[in-house]
Amino acid sequence: MDLNLMHIAKDGLIVIGRIFTIFPLLLFITLFMGRRSIGELPIFDLLIIIALGAIVGADIADPKIEHIHTAIALIVIGLMQKLYSVFLVRSRRFGKLVSFEPIVVIKDGVFIVENMKKVRYPIDNVLQMLREVDIFDISEVDTAVLEANGKLTAFKKTEKSAVTRSDLNIAVQAAGIAYPVIMEGRIEREALKTLNLTEEWLNKQLKSKKIKLSDVFFATANDNHELTITDRSNQPPVPPIFR
């Protein structure tokens, strides 16, 4: 029993010692890799962070692992990430091969369906990211770009700018939030109900615009009953990829 307690105490002291020795090294390696490794977290840097966490976690939890091997692994991974960063700066072609590229997902108030399929982002996710930058109506967006780090950058149309309206002293009726009424060819009945609209009204709007329901990738309606439609069969030219 005493031997077991001594063994447990010994392993405990080893774990404590490893915590106080490996974390300063981990901090040094992270600072050495630079601001980029903790800022944007592109895919390679994300893999690096995951690997560092796994190595350090295993080292701390298992006293049987050779401590020096963990230190060597951290140093080599840090050097590899630094080398990777150098290649990214020197070769744009290399950067395209090993990372995602920014891509336009909204242009002139409508989704670019082809690009949405490429990024495999649900409509709901993009709408959420728009709301995070205070955009509640897709028709207000001139251009929205999904960046390499997964964030959405949105540029509003000039005429939708509140400052411009104020400067011109134009009285504008508030349109409120635009609700999705059609998503990938399916009518959102709850949204119609919220706006006090009916499917008959929606079908008449589509018929007047000569658009089939099955061709509608996304459509919204606001409190003024203004309909904004992304039509699969009538897409704007696909903008060039940003870089």
# chains A, B, ... in the order shown; residues from 1 in each chain; ligands from 1

call {"tool": "closest_atom_pairs", "arguments": {"of": "range 91-187 of chain A", "to": "range 76-87 of chain A", "cutoff": "9 Å", "atoms": "only C-alpha atoms", "output": "CSV"}}
result
residue,atom,partner,partner_atom,distance
A:Ser91,CA,A:Phe87,CA,5.7
A:Arg92,CA,A:Phe87,CA,8.4
A:Phe94,CA,A:Phe87,CA,7.0
A:Gly95,CA,A:Phe87,CA,7.8

call {"tool": "write_last_selection", "arguments": {"atoms": "N, CA and C atoms", "output": "PDB file, in the first residue's frame"}}
result
ATOM      1  N   SER A  91       5.512  32.736 -52.109  1.00  0.00           N
ATOM      2  CA  SER A  91       4.888  32.087 -53.256  1.00  0.00           C
ATOM      3  C   SER A  91       3.366  32.135 -53.137  1.00  0.00           C
ATOM      4  N   ARG A  92       2.742  32.944 -53.988  1.00  0.00           N
ATOM      5  CA  ARG A  92       1.281  33.018 -53.990  1.00  0.00           C
ATOM      6  C   ARG A  92       0.685  31.695 -54.476  1.00  0.00           C
ATOM      7  N   PHE A  94       1.850  28.713 -53.982  1.00  0.00           N
ATOM      8  CA  PHE A  94       1.871  27.773 -52.857  1.00  0.00           C
ATOM      9  C   PHE A  94       0.697  28.050 -51.926  1.00  0.00           C
ATOM     10  N   GLY A  95       0.413  29.331 -51.679  1.00  0.00           N
ATOM     11  CA  GLY A  95      -0.702  29.696 -50.807  1.00  0.00           C
ATOM     12  C   GLY A  95      -2.031  29.211 -51.340  1.00  0.00           C
TER      13      GLY A  95
END

call {"tool": "residues_around", "arguments": {"residues": "Asn222 in chain A", "least_positions_apart": "3", "cutoff": "6 Å", "atoms": "only C-alpha atoms", "output": "PyMOL selection string"}}
result
chain A and resi 175+177-178+225-226

call {"tool": "select_by_dssp", "arguments": {"residues": "range 2-238 of chain A", "states": "strand (DSSP E)", "output": "VMD selection string"}}
result
chain A and resid 103 to 107 110 to 111 141 to 146 152 to 156 179 to 183 186 to 187 216 to 221 227 to 231

call {"tool": "write_last_selection", "arguments": {"atoms": "N, CA and C atoms", "output": "short mmCIF file (atom, residue, chain, number, x, y, z; two decimals), in the first residue's frame"}}
result
data_model
loop_
_atom_site.label_atom_id
_atom_site.label_comp_id
_atom_site.auth_asym_id
_atom_site.auth_seq_id
_atom_site.Cartn_x
_atom_site.Cartn_y
_atom_site.Cartn_z
N ILE A 103 -14.08 33.95 -51.48
CA ILE A 103 -15.00 33.72 -52.59
C ILE A 103 -16.27 34.54 -52.38
N VAL A 104 -16.77 35.15 -53.45
CA VAL A 104 -17.97 35.99 -53.39
C VAL A 104 -19.20 35.09 -53.30
N VAL A 105 -20.03 35.31 -52.28
CA VAL A 105 -21.24 34.51 -52.10
C VAL A 105 -22.53 35.31 -52.32
N ILE A 106 -22.42 36.64 -52.26
CA ILE A 106 -23.58 37.50 -52.54
C ILE A 106 -23.12 38.65 -53.43
N LYS A 107 -23.87 38.92 -54.48
CA LYS A 107 -23.58 40.05 -55.37
C LYS A 107 -24.88 40.72 -55.77
N VAL A 110 -28.21 39.29 -54.26
CA VAL A 110 -28.65 37.90 -54.48
C VAL A 110 -27.47 36.95 -54.24
N PHE A 111 -27.81 35.73 -53.84
CA PHE A 111 -26.78 34.72 -53.64
C PHE A 111 -26.19 34.27 -54.98
N VAL A 141 -27.12 44.23 -49.58
CA VAL A 141 -25.71 43.86 -49.78
C VAL A 141 -25.29 44.09 -51.23
N ASP A 142 -24.23 44.83 -51.40
CA ASP A 142 -23.62 44.97 -52.72
C ASP A 142 -22.75 43.75 -53.01
N THR A 143 -21.83 43.45 -52.09
CA THR A 143 -20.95 42.29 -52.24
C THR A 143 -20.66 41.70 -50.87
N ALA A 144 -20.72 40.39 -50.78
CA ALA A 144 -20.34 39.69 -49.54
C ALA A 144 -19.32 38.61 -49.91
N VAL A 145 -18.22 38.61 -49.19
CA VAL A 145 -17.12 37.68 -49.48
C VAL A 145 -16.88 36.78 -48.28
N LEU A 146 -16.87 35.48 -48.53
CA LEU A 146 -16.51 34.53 -47.50
C LEU A 146 -14.98 34.40 -47.50
N LEU A 152 -17.26 36.34 -42.79
CA LEU A 152 -17.95 36.99 -43.90
C LEU A 152 -17.69 38.49 -43.88
N THR A 153 -17.23 39.02 -45.00
CA THR A 153 -17.05 40.45 -45.16
C THR A 153 -18.13 40.96 -46.09
N ALA A 154 -18.92 41.92 -45.63
CA ALA A 154 -20.05 42.41 -46.42
C ALA A 154 -19.93 43.91 -46.66
N PHE A 155 -20.21 44.32 -47.90
CA PHE A 155 -20.19 45.72 -48.28
C PHE A 155 -21.60 46.11 -48.71
N LYS A 156 -22.18 47.12 -48.05
CA LYS A 156 -23.55 47.54 -48.34
C LYS A 156 -23.61 48.37 -49.62
N TYR A 179 -37.60 38.57 -43.94
CA TYR A 179 -37.75 37.17 -43.52
C TYR A 179 -37.59 36.23 -44.73
N PRO A 180 -36.87 35.13 -44.55
CA PRO A 180 -36.78 34.16 -45.64
C PRO A 180 -38.15 33.49 -45.87
N VAL A 181 -38.69 33.66 -47.06
CA VAL A 181 -39.99 33.06 -47.38
C VAL A 181 -39.85 31.84 -48.31
N ILE A 182 -38.70 31.75 -48.98
CA ILE A 182 -38.40 30.57 -49.80
C ILE A 182 -36.92 30.22 -49.59
N MET A 183 -36.66 28.96 -49.29
CA MET A 183 -35.28 28.51 -49.14
C MET A 183 -35.10 27.24 -49.96
N ARG A 186 -38.30 25.69 -51.28
CA ARG A 186 -39.32 25.34 -50.29
C ARG A 186 -39.90 26.60 -49.65
N ILE A 187 -41.21 26.68 -49.60
CA ILE A 187 -41.88 27.84 -48.99
C ILE A 187 -41.81 27.75 -47.48
N VAL A 216 -36.20 28.99 -57.49
CA VAL A 216 -35.85 29.97 -56.45
C VAL A 216 -34.90 29.34 -55.45
N PHE A 217 -33.68 29.86 -55.39
CA PHE A 217 -32.72 29.39 -54.40
C PHE A 217 -33.00 30.01 -53.04
N PHE A 218 -33.36 31.29 -53.06
CA PHE A 218 -33.62 32.00 -51.80
C PHE A 218 -34.47 33.22 -52.10
N ALA A 219 -35.42 33.52 -51.21
CA ALA A 219 -36.25 34.71 -51.37
C ALA A 219 -36.63 35.25 -50.00
N THR A 220 -36.66 36.57 -49.89
CA THR A 220 -37.07 37.20 -48.63
C THR A 220 -38.18 38.20 -48.90
N ALA A 221 -38.95 38.48 -47.86
CA ALA A 221 -39.96 39.53 -47.91
C ALA A 221 -39.86 40.34 -46.62
N LEU A 227 -40.33 41.84 -52.15
CA LEU A 227 -39.77 40.50 -52.36
C LEU A 227 -38.41 40.60 -53.04
N THR A 228 -37.42 39.91 -52.47
CA THR A 228 -36.08 39.83 -53.07
C THR A 228 -35.79 38.37 -53.37
N ILE A 229 -35.44 38.08 -54.61
CA ILE A 229 -35.33 36.69 -55.06
C ILE A 229 -33.94 36.39 -55.63
N THR A 230 -33.39 35.25 -55.24
CA THR A 230 -32.21 34.69 -55.90
C THR A 230 -32.69 33.57 -56.81
N ASP A 231 -32.62 33.82 -58.12
CA ASP A 231 -33.13 32.89 -59.12
C ASP A 231 -31.99 32.03 -59.67
#

call {"tool": "select_by_dssp", "arguments": {"residues": "chain A", "states": "helix (DSSP H, G or I)", "output": "compact mmCIF listing (two decimals) with N, CA and C atoms, in the first residue's frame"}}
result
# COMPACT_ATOMS: atom_id res chain seq x y z
N ASP A 2 1.90 1.24 0.86
CA ASP A 2 2.81 2.39 0.94
C ASP A 2 3.55 2.59 -0.38
N LEU A 3 3.91 1.44 -1.02
CA LEU A 3 4.61 1.53 -2.30
C LEU A 3 3.70 2.15 -3.36
N ASN A 4 2.43 1.78 -3.33
CA ASN A 4 1.48 2.35 -4.29
C ASN A 4 1.31 3.86 -4.10
N LEU A 5 1.23 4.26 -2.82
CA LEU A 5 1.10 5.70 -2.54
C LEU A 5 2.35 6.45 -3.00
N MET A 6 3.50 5.84 -2.78
CA MET A 6 4.75 6.48 -3.20
C MET A 6 4.80 6.59 -4.73
N HIS A 7 4.31 5.54 -5.38
CA HIS A 7 4.31 5.54 -6.85
C HIS A 7 3.38 6.64 -7.39
N ILE A 8 2.18 6.74 -6.75
CA ILE A 8 1.22 7.77 -7.16
C ILE A 8 1.78 9.16 -6.91
N ALA A 9 2.41 9.35 -5.75
CA ALA A 9 3.00 10.64 -5.42
C ALA A 9 4.11 11.01 -6.40
N LYS A 10 4.92 9.99 -6.77
CA LYS A 10 6.01 10.23 -7.72
C LYS A 10 5.48 10.66 -9.07
N ASP A 11 4.44 9.93 -9.57
CA ASP A 11 3.85 10.28 -10.85
C ASP A 11 3.21 11.67 -10.80
N GLY A 12 2.60 11.99 -9.64
CA GLY A 12 1.98 13.30 -9.48
C GLY A 12 3.00 14.41 -9.56
N LEU A 13 4.14 14.20 -8.90
CA LEU A 13 5.20 15.20 -8.96
C LEU A 13 5.76 15.35 -10.38
N ILE A 14 5.82 14.23 -11.11
CA ILE A 14 6.29 14.27 -12.50
C ILE A 14 5.34 15.12 -13.35
N VAL A 15 4.02 14.89 -13.16
CA VAL A 15 3.02 15.65 -13.91
C VAL A 15 3.13 17.14 -13.60
N ILE A 16 3.26 17.47 -12.31
CA ILE A 16 3.38 18.88 -11.92
C ILE A 16 4.63 19.50 -12.51
N GLY A 17 5.73 18.75 -12.45
CA GLY A 17 6.98 19.25 -13.02
C GLY A 17 6.87 19.50 -14.51
N ARG A 18 6.16 18.58 -15.21
CA ARG A 18 6.01 18.73 -16.65
C ARG A 18 5.16 19.95 -17.00
N ILE A 19 4.14 20.21 -16.20
CA ILE A 19 3.30 21.38 -16.46
C ILE A 19 4.13 22.66 -16.40
N PHE A 20 4.99 22.75 -15.37
CA PHE A 20 5.77 23.97 -15.18
C PHE A 20 6.95 24.08 -16.13
N THR A 21 7.29 22.99 -16.79
CA THR A 21 8.40 23.07 -17.76
C THR A 21 7.92 23.14 -19.20
N ILE A 22 6.80 22.45 -19.51
CA ILE A 22 6.36 22.39 -20.90
C ILE A 22 5.57 23.62 -21.32
N PHE A 23 4.82 24.24 -20.39
CA PHE A 23 4.01 25.39 -20.79
C PHE A 23 4.85 26.62 -21.14
N PRO A 24 5.93 26.91 -20.42
CA PRO A 24 6.80 28.00 -20.89
C PRO A 24 7.36 27.74 -22.28
N LEU A 25 7.71 26.47 -22.58
CA LEU A 25 8.20 26.13 -23.91
C LEU A 25 7.09 26.31 -24.95
N LEU A 26 5.87 25.88 -24.61
CA LEU A 26 4.73 26.04 -25.52
C LEU A 26 4.45 27.52 -25.80
N LEU A 27 4.52 28.34 -24.76
CA LEU A 27 4.32 29.78 -24.92
C LEU A 27 5.39 30.37 -25.84
N PHE A 28 6.63 29.96 -25.63
CA PHE A 28 7.73 30.47 -26.46
C PHE A 28 7.53 30.07 -27.92
N ILE A 29 7.14 28.81 -28.16
CA ILE A 29 6.94 28.33 -29.53
C ILE A 29 5.81 29.09 -30.20
N THR A 30 4.71 29.34 -29.46
CA THR A 30 3.56 30.07 -30.01
C THR A 30 3.95 31.50 -30.37
N LEU A 31 4.69 32.17 -29.49
CA LEU A 31 5.16 33.52 -29.78
C LEU A 31 6.13 33.53 -30.96
N PHE A 32 6.94 32.49 -31.05
CA PHE A 32 7.89 32.36 -32.15
C PHE A 32 7.17 32.21 -33.49
N MET A 33 6.07 31.48 -33.49
CA MET A 33 5.32 31.26 -34.73
C MET A 33 4.68 32.55 -35.22
N ARG A 36 0.12 35.60 -36.64
CA ARG A 36 -0.75 34.94 -37.59
C ARG A 36 -1.29 33.62 -37.07
N SER A 37 -0.51 32.91 -36.29
CA SER A 37 -0.91 31.58 -35.82
C SER A 37 -2.06 31.62 -34.83
N ILE A 38 -2.30 32.78 -34.21
CA ILE A 38 -3.40 32.88 -33.24
C ILE A 38 -4.46 33.87 -33.68
N GLY A 39 -4.24 34.55 -34.81
CA GLY A 39 -5.19 35.56 -35.26
C GLY A 39 -6.27 35.00 -36.15
N ILE A 43 -6.38 27.00 -42.17
CA ILE A 43 -6.50 25.57 -41.93
C ILE A 43 -5.20 24.94 -41.43
N PHE A 44 -4.05 25.33 -41.99
CA PHE A 44 -2.79 24.73 -41.56
C PHE A 44 -2.47 25.12 -40.11
N ASP A 45 -2.69 26.39 -39.78
CA ASP A 45 -2.43 26.84 -38.42
C ASP A 45 -3.37 26.17 -37.42
N LEU A 46 -4.61 25.92 -37.85
CA LEU A 46 -5.55 25.20 -36.98
C LEU A 46 -5.02 23.79 -36.69
N LEU A 47 -4.51 23.13 -37.72
CA LEU A 47 -3.94 21.79 -37.53
C LEU A 47 -2.74 21.84 -36.59
N ILE A 48 -1.93 22.88 -36.71
CA ILE A 48 -0.77 23.05 -35.84
C ILE A 48 -1.21 23.19 -34.38
N ILE A 49 -2.21 24.03 -34.14
CA ILE A 49 -2.70 24.25 -32.77
C ILE A 49 -3.25 22.95 -32.18
N ILE A 50 -4.01 22.21 -33.01
CA ILE A 50 -4.56 20.93 -32.55
C ILE A 50 -3.43 19.96 -32.19
N ALA A 51 -2.40 19.90 -33.04
CA ALA A 51 -1.28 19.00 -32.80
C ALA A 51 -0.52 19.38 -31.53
N LEU A 52 -0.29 20.68 -31.34
CA LEU A 52 0.41 21.14 -30.14
C LEU A 52 -0.37 20.76 -28.88
N GLY A 53 -1.69 20.97 -28.94
CA GLY A 53 -2.51 20.62 -27.78
C GLY A 53 -2.48 19.14 -27.47
N ALA A 54 -2.53 18.31 -28.53
CA ALA A 54 -2.51 16.86 -28.32
C ALA A 54 -1.19 16.40 -27.74
N ILE A 55 -0.08 16.96 -28.25
CA ILE A 55 1.24 16.56 -27.77
C ILE A 55 1.45 16.95 -26.32
N VAL A 56 1.10 18.20 -26.00
CA VAL A 56 1.28 18.68 -24.62
C VAL A 56 0.35 17.93 -23.67
N GLY A 57 -0.89 17.69 -24.09
CA GLY A 57 -1.84 16.97 -23.24
C GLY A 57 -1.37 15.56 -22.93
N ALA A 58 -0.87 14.87 -23.95
CA ALA A 58 -0.38 13.51 -23.74
C ALA A 58 0.84 13.50 -22.83
N ASP A 59 1.71 14.48 -22.99
CA ASP A 59 2.92 14.56 -22.18
C ASP A 59 2.59 14.79 -20.70
N ILE A 60 1.63 15.67 -20.46
CA ILE A 60 1.27 15.98 -19.07
C ILE A 60 0.55 14.80 -18.41
N ALA A 61 -0.34 14.16 -19.14
CA ALA A 61 -1.19 13.12 -18.55
C ALA A 61 -0.48 11.78 -18.38
N HIS A 67 9.88 13.07 -21.71
CA HIS A 67 9.67 14.51 -21.72
C HIS A 67 10.47 15.19 -22.83
N ILE A 68 11.67 14.72 -23.05
CA ILE A 68 12.54 15.34 -24.05
C ILE A 68 11.96 15.19 -25.46
N HIS A 69 11.25 14.06 -25.70
CA HIS A 69 10.63 13.85 -27.01
C HIS A 69 9.52 14.87 -27.26
N THR A 70 8.78 15.19 -26.22
CA THR A 70 7.74 16.21 -26.34
C THR A 70 8.35 17.56 -26.70
N ALA A 71 9.43 17.91 -26.02
CA ALA A 71 10.10 19.19 -26.29
C ALA A 71 10.60 19.24 -27.74
N ILE A 72 11.17 18.14 -28.20
CA ILE A 72 11.67 18.09 -29.59
C ILE A 72 10.51 18.26 -30.57
N ALA A 73 9.38 17.58 -30.30
CA ALA A 73 8.21 17.66 -31.18
C ALA A 73 7.68 19.10 -31.26
N LEU A 74 7.62 19.78 -30.11
CA LEU A 74 7.14 21.17 -30.10
C LEU A 74 8.05 22.07 -30.92
N ILE A 75 9.35 21.91 -30.76
CA ILE A 75 10.31 22.75 -31.48
C ILE A 75 10.22 22.51 -32.99
N VAL A 76 10.15 21.24 -33.39
CA VAL A 76 10.09 20.90 -34.82
C VAL A 76 8.79 21.44 -35.44
N ILE A 77 7.66 21.29 -34.73
CA ILE A 77 6.38 21.80 -35.25
C ILE A 77 6.42 23.32 -35.38
N GLY A 78 7.02 23.99 -34.38
CA GLY A 78 7.15 25.44 -34.44
C GLY A 78 7.98 25.88 -35.64
N LEU A 79 9.08 25.20 -35.88
CA LEU A 79 9.93 25.51 -37.04
C LEU A 79 9.21 25.24 -38.36
N MET A 80 8.43 24.15 -38.40
CA MET A 80 7.69 23.80 -39.61
C MET A 80 6.66 24.88 -39.93
N GLN A 81 5.94 25.37 -38.90
CA GLN A 81 4.95 26.40 -39.12
C GLN A 81 5.61 27.70 -39.59
N LYS A 82 6.77 27.99 -39.04
CA LYS A 82 7.49 29.20 -39.44
C LYS A 82 7.93 29.09 -40.90
N LEU A 83 8.40 27.92 -41.30
CA LEU A 83 8.81 27.69 -42.68
C LEU A 83 7.61 27.80 -43.62
N TYR A 84 6.50 27.27 -43.19
CA TYR A 84 5.26 27.35 -43.97
C TYR A 84 4.87 28.81 -44.20
N SER A 85 4.99 29.63 -43.16
CA SER A 85 4.65 31.05 -43.27
C SER A 85 5.55 31.76 -44.27
N VAL A 86 6.82 31.39 -44.27
CA VAL A 86 7.78 31.99 -45.21
C VAL A 86 7.40 31.65 -46.65
N PHE A 87 7.04 30.39 -46.89
CA PHE A 87 6.64 29.97 -48.23
C PHE A 87 5.38 30.70 -48.68
N LEU A 88 4.44 30.93 -47.75
CA LEU A 88 3.21 31.65 -48.09
C LEU A 88 3.51 33.06 -48.57
N VAL A 89 4.46 33.72 -47.90
CA VAL A 89 4.82 35.09 -48.27
C VAL A 89 5.52 35.13 -49.62
N ARG A 90 6.38 34.15 -49.86
CA ARG A 90 7.21 34.16 -51.08
C ARG A 90 6.51 33.60 -52.31
N ARG A 92 2.74 32.94 -53.99
CA ARG A 92 1.28 33.02 -53.99
C ARG A 92 0.69 31.69 -54.48
N ARG A 93 1.38 31.06 -55.42
CA ARG A 93 0.89 29.78 -55.94
C ARG A 93 0.84 28.73 -54.84
N PHE A 94 1.85 28.71 -53.98
CA PHE A 94 1.87 27.77 -52.86
C PHE A 94 0.70 28.05 -51.93
N GLY A 95 0.41 29.33 -51.68
CA GLY A 95 -0.70 29.70 -50.81
C GLY A 95 -2.03 29.21 -51.34
N LYS A 96 -2.22 29.27 -52.66
CA LYS A 96 -3.47 28.80 -53.26
C LYS A 96 -3.63 27.29 -53.11
N LEU A 97 -2.49 26.57 -53.14
CA LEU A 97 -2.54 25.11 -53.06
C LEU A 97 -2.89 24.61 -51.66
N VAL A 98 -2.48 25.35 -50.63
CA VAL A 98 -2.59 24.83 -49.26
C VAL A 98 -3.61 25.58 -48.41
N VAL A 113 -25.30 31.22 -56.47
CA VAL A 113 -25.61 29.82 -56.16
C VAL A 113 -24.40 28.92 -56.40
N GLU A 114 -23.71 29.12 -57.52
CA GLU A 114 -22.56 28.29 -57.85
C GLU A 114 -21.49 28.34 -56.75
N ASN A 115 -21.24 29.56 -56.25
CA ASN A 115 -20.23 29.71 -55.20
C ASN A 115 -20.71 29.18 -53.85
N MET A 116 -22.01 29.29 -53.59
CA MET A 116 -22.56 28.73 -52.36
C MET A 116 -22.38 27.22 -52.33
N LYS A 117 -22.52 26.59 -53.50
CA LYS A 117 -22.32 25.14 -53.58
C LYS A 117 -20.85 24.79 -53.36
N LYS A 118 -19.96 25.65 -53.85
CA LYS A 118 -18.53 25.39 -53.69
C LYS A 118 -18.10 25.43 -52.22
N VAL A 119 -18.60 26.43 -51.49
CA VAL A 119 -18.18 26.57 -50.09
C VAL A 119 -18.96 25.66 -49.16
N ILE A 123 -27.52 28.29 -46.15
CA ILE A 123 -28.02 29.67 -46.23
C ILE A 123 -28.13 30.28 -44.84
N ASP A 124 -28.61 29.49 -43.88
CA ASP A 124 -28.81 30.00 -42.51
C ASP A 124 -27.51 30.53 -41.92
N ASN A 125 -26.39 29.86 -42.19
CA ASN A 125 -25.10 30.30 -41.66
C ASN A 125 -24.71 31.66 -42.21
N VAL A 126 -24.91 31.84 -43.52
CA VAL A 126 -24.56 33.12 -44.14
C VAL A 126 -25.46 34.23 -43.62
N LEU A 127 -26.75 33.94 -43.45
CA LEU A 127 -27.68 34.94 -42.91
C LEU A 127 -27.28 35.34 -41.49
N GLN A 128 -26.86 34.35 -40.71
CA GLN A 128 -26.42 34.64 -39.34
C GLN A 128 -25.20 35.56 -39.35
N MET A 129 -24.25 35.29 -40.24
CA MET A 129 -23.05 36.12 -40.31
C MET A 129 -23.38 37.53 -40.79
N LEU A 130 -24.40 37.67 -41.64
CA LEU A 130 -24.84 39.00 -42.04
C LEU A 130 -25.44 39.76 -40.86
N ARG A 131 -26.24 39.06 -40.06
CA ARG A 131 -26.84 39.71 -38.89
C ARG A 131 -25.77 40.17 -37.91
N GLU A 132 -24.67 39.43 -37.84
CA GLU A 132 -23.58 39.81 -36.93
C GLU A 132 -22.94 41.13 -37.32
N ILE A 138 -30.85 40.85 -47.23
CA ILE A 138 -29.84 40.53 -48.23
C ILE A 138 -29.84 41.54 -49.38
N SER A 139 -30.99 42.19 -49.61
CA SER A 139 -31.07 43.16 -50.71
C SER A 139 -30.20 44.39 -50.46
N GLU A 140 -29.76 44.60 -49.22
CA GLU A 140 -28.91 45.74 -48.89
C GLU A 140 -27.44 45.48 -49.25
N THR A 158 -24.55 51.51 -51.78
CA THR A 158 -24.45 52.92 -51.41
C THR A 158 -25.79 53.52 -51.04
N GLU A 159 -26.83 53.17 -51.81
CA GLU A 159 -28.15 53.75 -51.54
C GLU A 159 -28.78 53.23 -50.26
N LYS A 160 -28.20 52.15 -49.71
CA LYS A 160 -28.72 51.58 -48.46
C LYS A 160 -28.01 52.15 -47.25
N ALA A 162 -27.26 54.45 -44.27
CA ALA A 162 -28.05 55.37 -43.45
C ALA A 162 -27.49 56.78 -43.49
N VAL A 163 -26.17 56.90 -43.60
CA VAL A 163 -25.53 58.22 -43.64
C VAL A 163 -25.97 58.97 -44.89
N THR A 164 -26.02 58.29 -46.00
CA THR A 164 -26.43 58.92 -47.25
C THR A 164 -27.87 59.44 -47.17
N ARG A 165 -28.74 58.66 -46.58
CA ARG A 165 -30.13 59.08 -46.42
C ARG A 165 -30.20 60.33 -45.54
N SER A 166 -29.44 60.34 -44.48
CA SER A 166 -29.45 61.46 -43.56
C SER A 166 -28.92 62.72 -44.23
N ASP A 167 -27.84 62.55 -44.99
CA ASP A 167 -27.24 63.70 -45.67
C ASP A 167 -28.20 64.33 -46.67
N LEU A 168 -29.00 63.52 -47.33
CA LEU A 168 -29.92 64.00 -48.35
C LEU A 168 -31.28 64.40 -47.79
N ARG A 189 -43.56 28.67 -44.51
CA ARG A 189 -44.91 29.10 -44.17
C ARG A 189 -44.96 29.94 -42.89
N GLU A 190 -44.10 29.63 -41.94
CA GLU A 190 -44.09 30.39 -40.68
C GLU A 190 -43.69 31.85 -40.94
N ALA A 191 -42.73 32.03 -41.86
CA ALA A 191 -42.30 33.40 -42.19
C ALA A 191 -43.44 34.17 -42.86
N LEU A 192 -44.16 33.51 -43.76
CA LEU A 192 -45.31 34.15 -44.40
C LEU A 192 -46.37 34.54 -43.38
N LYS A 193 -46.58 33.64 -42.43
CA LYS A 193 -47.57 33.91 -41.38
C LYS A 193 -47.16 35.12 -40.55
N THR A 194 -45.88 35.22 -40.25
CA THR A 194 -45.37 36.36 -39.47
C THR A 194 -45.62 37.68 -40.19
N GLU A 199 -49.55 31.94 -49.24
CA GLU A 199 -48.86 31.27 -50.34
C GLU A 199 -49.41 31.76 -51.68
N GLU A 200 -50.70 32.09 -51.71
CA GLU A 200 -51.29 32.60 -52.94
C GLU A 200 -50.62 33.90 -53.36
N TRP A 201 -50.39 34.78 -52.37
CA TRP A 201 -49.70 36.05 -52.66
C TRP A 201 -48.31 35.78 -53.21
N LEU A 202 -47.61 34.84 -52.58
CA LEU A 202 -46.25 34.53 -53.00
C LEU A 202 -46.22 33.95 -54.41
N ASN A 203 -47.14 33.04 -54.68
CA ASN A 203 -47.20 32.43 -56.01
C ASN A 203 -47.53 33.47 -57.09
N LYS A 204 -48.40 34.43 -56.76
CA LYS A 204 -48.72 35.50 -57.71
C LYS A 204 -47.49 36.35 -58.01
N GLN A 205 -46.70 36.62 -56.95
CA GLN A 205 -45.48 37.41 -57.14
C GLN A 205 -44.51 36.69 -58.05
N LEU A 206 -44.36 35.40 -57.83
CA LEU A 206 -43.45 34.61 -58.66
C LEU A 206 -43.95 34.56 -60.11
N LYS A 207 -45.27 34.40 -60.26
CA LYS A 207 -45.85 34.32 -61.60
C LYS A 207 -45.66 35.63 -62.34
N SER A 208 -45.82 36.75 -61.63
CA SER A 208 -45.66 38.06 -62.27
C SER A 208 -44.23 38.30 -62.72
N LEU A 213 -41.15 28.29 -58.79
CA LEU A 213 -40.78 28.06 -57.39
C LEU A 213 -39.53 27.18 -57.29
N SER A 214 -39.44 26.17 -58.14
CA SER A 214 -38.29 25.25 -58.10
C SER A 214 -36.99 25.92 -58.48
N ASP A 215 -37.08 27.09 -59.18
CA ASP A 215 -35.88 27.82 -59.59
C ASP A 215 -35.40 28.81 -58.53

call {"tool": "atom_distance", "arguments": {"atom1": "CA of Asn196 in chain A", "atom2": "CA of Asn224 in chain A"}}
result
11.0 Å

call {"tool": "atom_distance", "arguments": {"atom1": "CA of Phe136 in chain A", "atom2": "CA of Ala148 in chain A"}}
result
23.2 Å

call {"tool": "atom_distance", "arguments": {"atom1": "CA of Lys209 in chain A", "atom2": "CA of Gln235 in chain A"}}
result
14.5 Å
